[in-house]
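Let me begin by presenting the structure, written as structure tokens, before commenting on it.
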Amino acid sequence: MNRTLTIKGTGRLTLKPDWTVVTLTLKSLDKQYEKAMAESAARQEQLNAALAAVGFDHKDVKTADFSVSSEYEGVHDKNGNYKNVFVGYACRHTLKLEFPFENRRLSAVLGAVAGCLSDPELNVQFTVKDKESAGEALLRDAAENAKRRAAVLAEASGVELGQLMDVDYSWGDVVLYSPTSFYVESKVMGMGARSNAVDISPDDIVLTDTVTFVWEIK
């Protein structure tokens with residue numbers, strides 16, 4: 001039976017955010033389904049018009065999530081009995097707008113949304129555009145880390161590394177977002193946030209991942 005050395009390589013990567021992801025959530029509620037849907041469509045048109053005024057095409061605004069649900073609220077009748085009362089159809093439309101990170105451009109978007117009558121809930125996140133290259137660099141760093149550890153352990157143990165026998169990696173989603181986030185409630189946006197008040201320096205994105213390597217030892 002071959003003797004082996006198993007090492008977990010840890011990759012670490014620090015990235016400067018260069019990409020902005022703005023999420024905008026529109027909500028509408030009406031007891032009539034058709035009116036709820038019409039209000040949702042009208043809010044989206046208002047938002048598209050506001051963003052067009054600062055240089056974005058309606059095709060730049062993508063739907064991230066869309067849902068319609070029946071809303072109820074619990075009330076007590078005159079006899080004190082509890083019951084659920086239908087409030088209306090709630091339509092929730094979440095849209096996403098992405099563009100290169102630049103404070104001036106972000107300020108323009110925030111100013112446009114603040115002046116929009118659609119009252120969206122807004123969240124801003126910062127990431128990198130080239131996610132694939134970042135993931136590859138992280139795996140390369142993990143492999144190099146494992147090689148260094150294996151070489152140190154082999155030398156310290158008085159053995160020689162042989163062929164690489166196995167590589168075990170659990171593919172999963174790497175969170176490629178800065179811990180810095182920017183959230184503005186719809187009521188606050190409706191008050192008219194000043195577009196020139198934004199000066200954000202997003203924190204670095206720090207990534208880690210592990211890969212397990214198995215070498216034959218001689």
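In the structure tokens, chains take the letters A, B, ... in the order shown, each chain's residues start at 1, and ligands count up from 1 in the order shown.
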Residues at most 10 Å from segment 138-151 of chain A, counting only C-alpha atoms, excluding those fewer than 6 positions away in the same chain, as a list in words?
->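 Returned residues: Leu5, Thr6, Ile7, Lys8, Gly9, Thr10, Gly11, Arg12, Leu13, Thr14, Glu132, Ser157, Val159, Glu160, Leu161, Val167, Tyr169, Val174, Leu207, Thr208, Asp209, Thr210, Val211, Thr212, Phe213, Val214 and Trp215 of chain A.
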Residues as selected, C-alpha atoms, written as a PDB file, in the first residue's frame, can you do that?
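The resulting result34.pdb:
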ATOM      1  CA  LEU A   5       0.584  12.710   2.599  1.00  0.00           C
ATOM      2  CA  THR A   6      -2.713  14.612   2.730  1.00  0.00           C
ATOM      3  CA  ILE A   7      -2.607  18.396   2.821  1.00  0.00           C
ATOM      4  CA  LYS A   8      -5.343  21.044   2.844  1.00  0.00           C
ATOM      5  CA  GLY A   9      -4.278  24.066   0.855  1.00  0.00           C
ATOM      6  CA  THR A  10      -5.871  27.382   1.812  1.00  0.00           C
ATOM      7  CA  GLY A  11      -6.181  30.088  -0.795  1.00  0.00           C
ATOM      8  CA  ARG A  12      -6.501  33.728   0.202  1.00  0.00           C
ATOM      9  CA  LEU A  13      -7.219  36.641  -2.092  1.00  0.00           C
ATOM     10  CA  THR A  14      -7.848  40.337  -1.442  1.00  0.00           C
ATOM     11  CA  GLU A 132     -14.275  33.930 -12.969  1.00  0.00           C
ATOM     12  CA  SER A 157       9.761  14.054   8.069  1.00  0.00           C
ATOM     13  CA  VAL A 159      10.623  11.699   3.074  1.00  0.00           C
ATOM     14  CA  GLU A 160      10.346  12.666  -0.562  1.00  0.00           C
ATOM     15  CA  LEU A 161       7.182  13.720  -2.316  1.00  0.00           C
ATOM     16  CA  VAL A 167      -7.320  16.415  -5.498  1.00  0.00           C
ATOM     17  CA  TYR A 169     -12.470  20.172  -3.968  1.00  0.00           C
ATOM     18  CA  VAL A 174     -17.634  32.044  -3.308  1.00  0.00           C
ATOM     19  CA  LEU A 207     -11.761  35.529  -0.126  1.00  0.00           C
ATOM     20  CA  THR A 208     -10.674  32.175   1.280  1.00  0.00           C
ATOM     21  CA  ASP A 209     -11.143  28.657  -0.020  1.00  0.00           C
ATOM     22  CA  THR A 210      -9.635  25.232   0.643  1.00  0.00           C
ATOM     23  CA  VAL A 211      -8.578  22.316  -1.551  1.00  0.00           C
ATOM     24  CA  THR A 212      -7.340  18.922  -0.334  1.00  0.00           C
ATOM     25  CA  PHE A 213      -4.328  17.321  -2.083  1.00  0.00           C
ATOM     26  CA  VAL A 214      -2.932  13.828  -1.606  1.00  0.00           C
ATOM     27  CA  TRP A 215       0.703  13.063  -2.552  1.00  0.00           C
TER      28      TRP A 215
END
In segment 53-172 of chain A, DSSP strand (DSSP E) residues written as number ranges by chain | A: 61-76, 82-100, 121-127, 161-168
Output for the residues just chosen: C-alpha atoms as a tab-separated table (two decimals), in the first residue's frame:
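Below is the file that was written, part06.tsv:
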chain	number	residue	atom	x	y	z
A	61	VAL	CA	-32.42	47.20	-15.43
A	62	LYS	CA	-32.89	43.45	-14.96
A	63	THR	CA	-35.57	41.61	-13.00
A	64	ALA	CA	-34.00	39.68	-10.10
A	65	ASP	CA	-37.26	38.52	-8.53
A	66	PHE	CA	-41.00	38.95	-9.07
A	67	SER	CA	-43.77	37.65	-6.84
A	68	VAL	CA	-47.47	38.17	-6.15
A	69	SER	CA	-49.05	36.95	-2.93
A	70	SER	CA	-52.34	37.25	-1.07
A	71	GLU	CA	-51.97	39.42	2.02
A	72	TYR	CA	-54.03	38.93	5.16
A	73	GLU	CA	-54.04	40.58	8.56
A	74	GLY	CA	-55.32	39.25	11.85
A	75	VAL	CA	-58.13	41.23	13.48
A	76	HIS	CA	-60.67	40.73	16.27
A	82	TYR	CA	-59.79	36.42	15.94
A	83	LYS	CA	-59.92	36.07	12.16
A	84	ASN	CA	-57.84	36.70	9.08
A	85	VAL	CA	-59.04	39.48	6.80
A	86	PHE	CA	-57.96	39.76	3.18
A	87	VAL	CA	-55.97	42.97	2.65
A	88	GLY	CA	-55.13	42.62	-1.01
A	89	TYR	CA	-52.72	41.29	-3.58
A	90	ALA	CA	-49.14	42.24	-2.81
A	91	CYS	CA	-46.83	42.56	-5.79
A	92	ARG	CA	-43.08	42.64	-5.14
A	93	HIS	CA	-40.73	43.36	-8.04
A	94	THR	CA	-36.99	43.32	-7.37
A	95	LEU	CA	-34.79	44.86	-10.06
A	96	LYS	CA	-31.02	44.94	-10.43
A	97	LEU	CA	-28.78	47.55	-12.02
A	98	GLU	CA	-25.03	46.96	-12.43
A	99	PHE	CA	-22.27	49.35	-13.50
A	100	PRO	CA	-18.55	50.08	-12.89
A	121	GLU	CA	-36.32	50.14	-1.40
A	122	LEU	CA	-32.70	50.40	-2.39
A	123	ASN	CA	-29.63	48.35	-1.53
A	124	VAL	CA	-26.12	48.85	-2.93
A	125	GLN	CA	-23.39	46.20	-2.93
A	126	PHE	CA	-19.85	46.27	-4.25
A	127	THR	CA	-18.13	43.39	-6.04
A	161	LEU	CA	7.18	13.72	-2.32
A	162	GLY	CA	6.08	11.50	-5.15
A	163	GLN	CA	3.24	11.81	-7.61
A	164	LEU	CA	0.09	13.77	-6.84
A	165	MET	CA	-2.50	11.06	-6.21
A	166	ASP	CA	-5.73	12.95	-5.66
A	167	VAL	CA	-7.32	16.41	-5.50
A	168	ASP	CA	-10.56	16.94	-3.58
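Backbone DSSP assigns helix (DSSP H, G or I) in segment 42-88 of chain A to Ala42, Arg43, Gln44, Glu45, Gln46, Leu47, Asn48, Ala49, Ala50, Leu51, Ala52, His58, Lys59 and Asp60 of chain A.
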With N, CA and C atoms kept, could you save the residues just selected as an mmCIF file, in the first residue's frame?
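Here's the written file part_3.cif:
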data_model
loop_
_atom_site.group_PDB
_atom_site.id
_atom_site.type_symbol
_atom_site.label_atom_id
_atom_site.label_comp_id
_atom_site.auth_asym_id
_atom_site.auth_seq_id
_atom_site.Cartn_x
_atom_site.Cartn_y
_atom_site.Cartn_z
ATOM 1 N N ALA A 42 -46.636 50.512 -13.508
ATOM 2 C CA ALA A 42 -46.473 51.968 -13.531
ATOM 3 C C ALA A 42 -45.245 52.386 -12.722
ATOM 4 N N ARG A 43 -45.021 51.733 -11.580
ATOM 5 C CA ARG A 43 -43.859 52.056 -10.756
ATOM 6 C C ARG A 43 -42.559 51.728 -11.507
ATOM 7 N N GLN A 44 -42.588 50.614 -12.249
ATOM 8 C CA GLN A 44 -41.398 50.250 -13.011
ATOM 9 C C GLN A 44 -41.130 51.265 -14.118
ATOM 10 N N GLU A 45 -42.162 51.725 -14.771
ATOM 11 C CA GLU A 45 -41.992 52.728 -15.821
ATOM 12 C C GLU A 45 -41.418 54.021 -15.249
ATOM 13 N N GLN A 46 -41.908 54.414 -14.073
ATOM 14 C CA GLN A 46 -41.385 55.622 -13.428
ATOM 15 C C GLN A 46 -39.903 55.465 -13.094
ATOM 16 N N LEU A 47 -39.548 54.293 -12.603
ATOM 17 C CA LEU A 47 -38.144 54.038 -12.259
ATOM 18 C C LEU A 47 -37.267 54.032 -13.502
ATOM 19 N N ASN A 48 -37.733 53.378 -14.565
ATOM 20 C CA ASN A 48 -36.969 53.346 -15.817
ATOM 21 C C ASN A 48 -36.743 54.761 -16.358
ATOM 22 N N ALA A 49 -37.761 55.589 -16.262
ATOM 23 C CA ALA A 49 -37.650 56.965 -16.753
ATOM 24 C C ALA A 49 -36.629 57.750 -15.930
ATOM 25 N N ALA A 50 -36.641 57.542 -14.611
ATOM 26 C CA ALA A 50 -35.697 58.251 -13.735
ATOM 27 C C ALA A 50 -34.267 57.840 -14.037
ATOM 28 N N LEU A 51 -34.051 56.548 -14.273
ATOM 29 C CA LEU A 51 -32.699 56.060 -14.565
ATOM 30 C C LEU A 51 -32.257 56.447 -15.976
ATOM 31 N N ALA A 52 -33.209 56.528 -16.891
ATOM 32 C CA ALA A 52 -32.875 56.968 -18.255
ATOM 33 C C ALA A 52 -32.346 58.400 -18.243
ATOM 34 N N HIS A 58 -33.445 51.122 -20.415
ATOM 35 C CA HIS A 58 -34.331 50.230 -19.647
ATOM 36 C C HIS A 58 -33.841 48.783 -19.684
ATOM 37 N N LYS A 59 -33.043 48.433 -20.719
ATOM 38 C CA LYS A 59 -32.500 47.072 -20.803
ATOM 39 C C LYS A 59 -31.400 46.833 -19.764
ATOM 40 N N ASP A 60 -30.865 47.916 -19.204
ATOM 41 C CA ASP A 60 -29.836 47.773 -18.167
ATOM 42 C C ASP A 60 -30.432 47.331 -16.838
#
Tell me, in Å to one decimal, how far atom CA of Ser181 of chain A is from atom CA of Ser201 of chain A.
->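 Taking atom CA of Ser181 of chain A and atom CA of Ser201 of chain A, their separation equals 10.7 Å.
Atom CA of Arg104 of chain A to atom CA of Tyr183 of chain A spans 17.6 Å [interatomic distance, one decimal].
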What does the distance between atom CA of Gly55 of chain A and atom CA of Lys27 of chain A come to in Å, to one decimal place?
->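 Value for the atom CA of Gly55 of chain A-atom CA of Lys27 of chain A distance: 24.4 Å.
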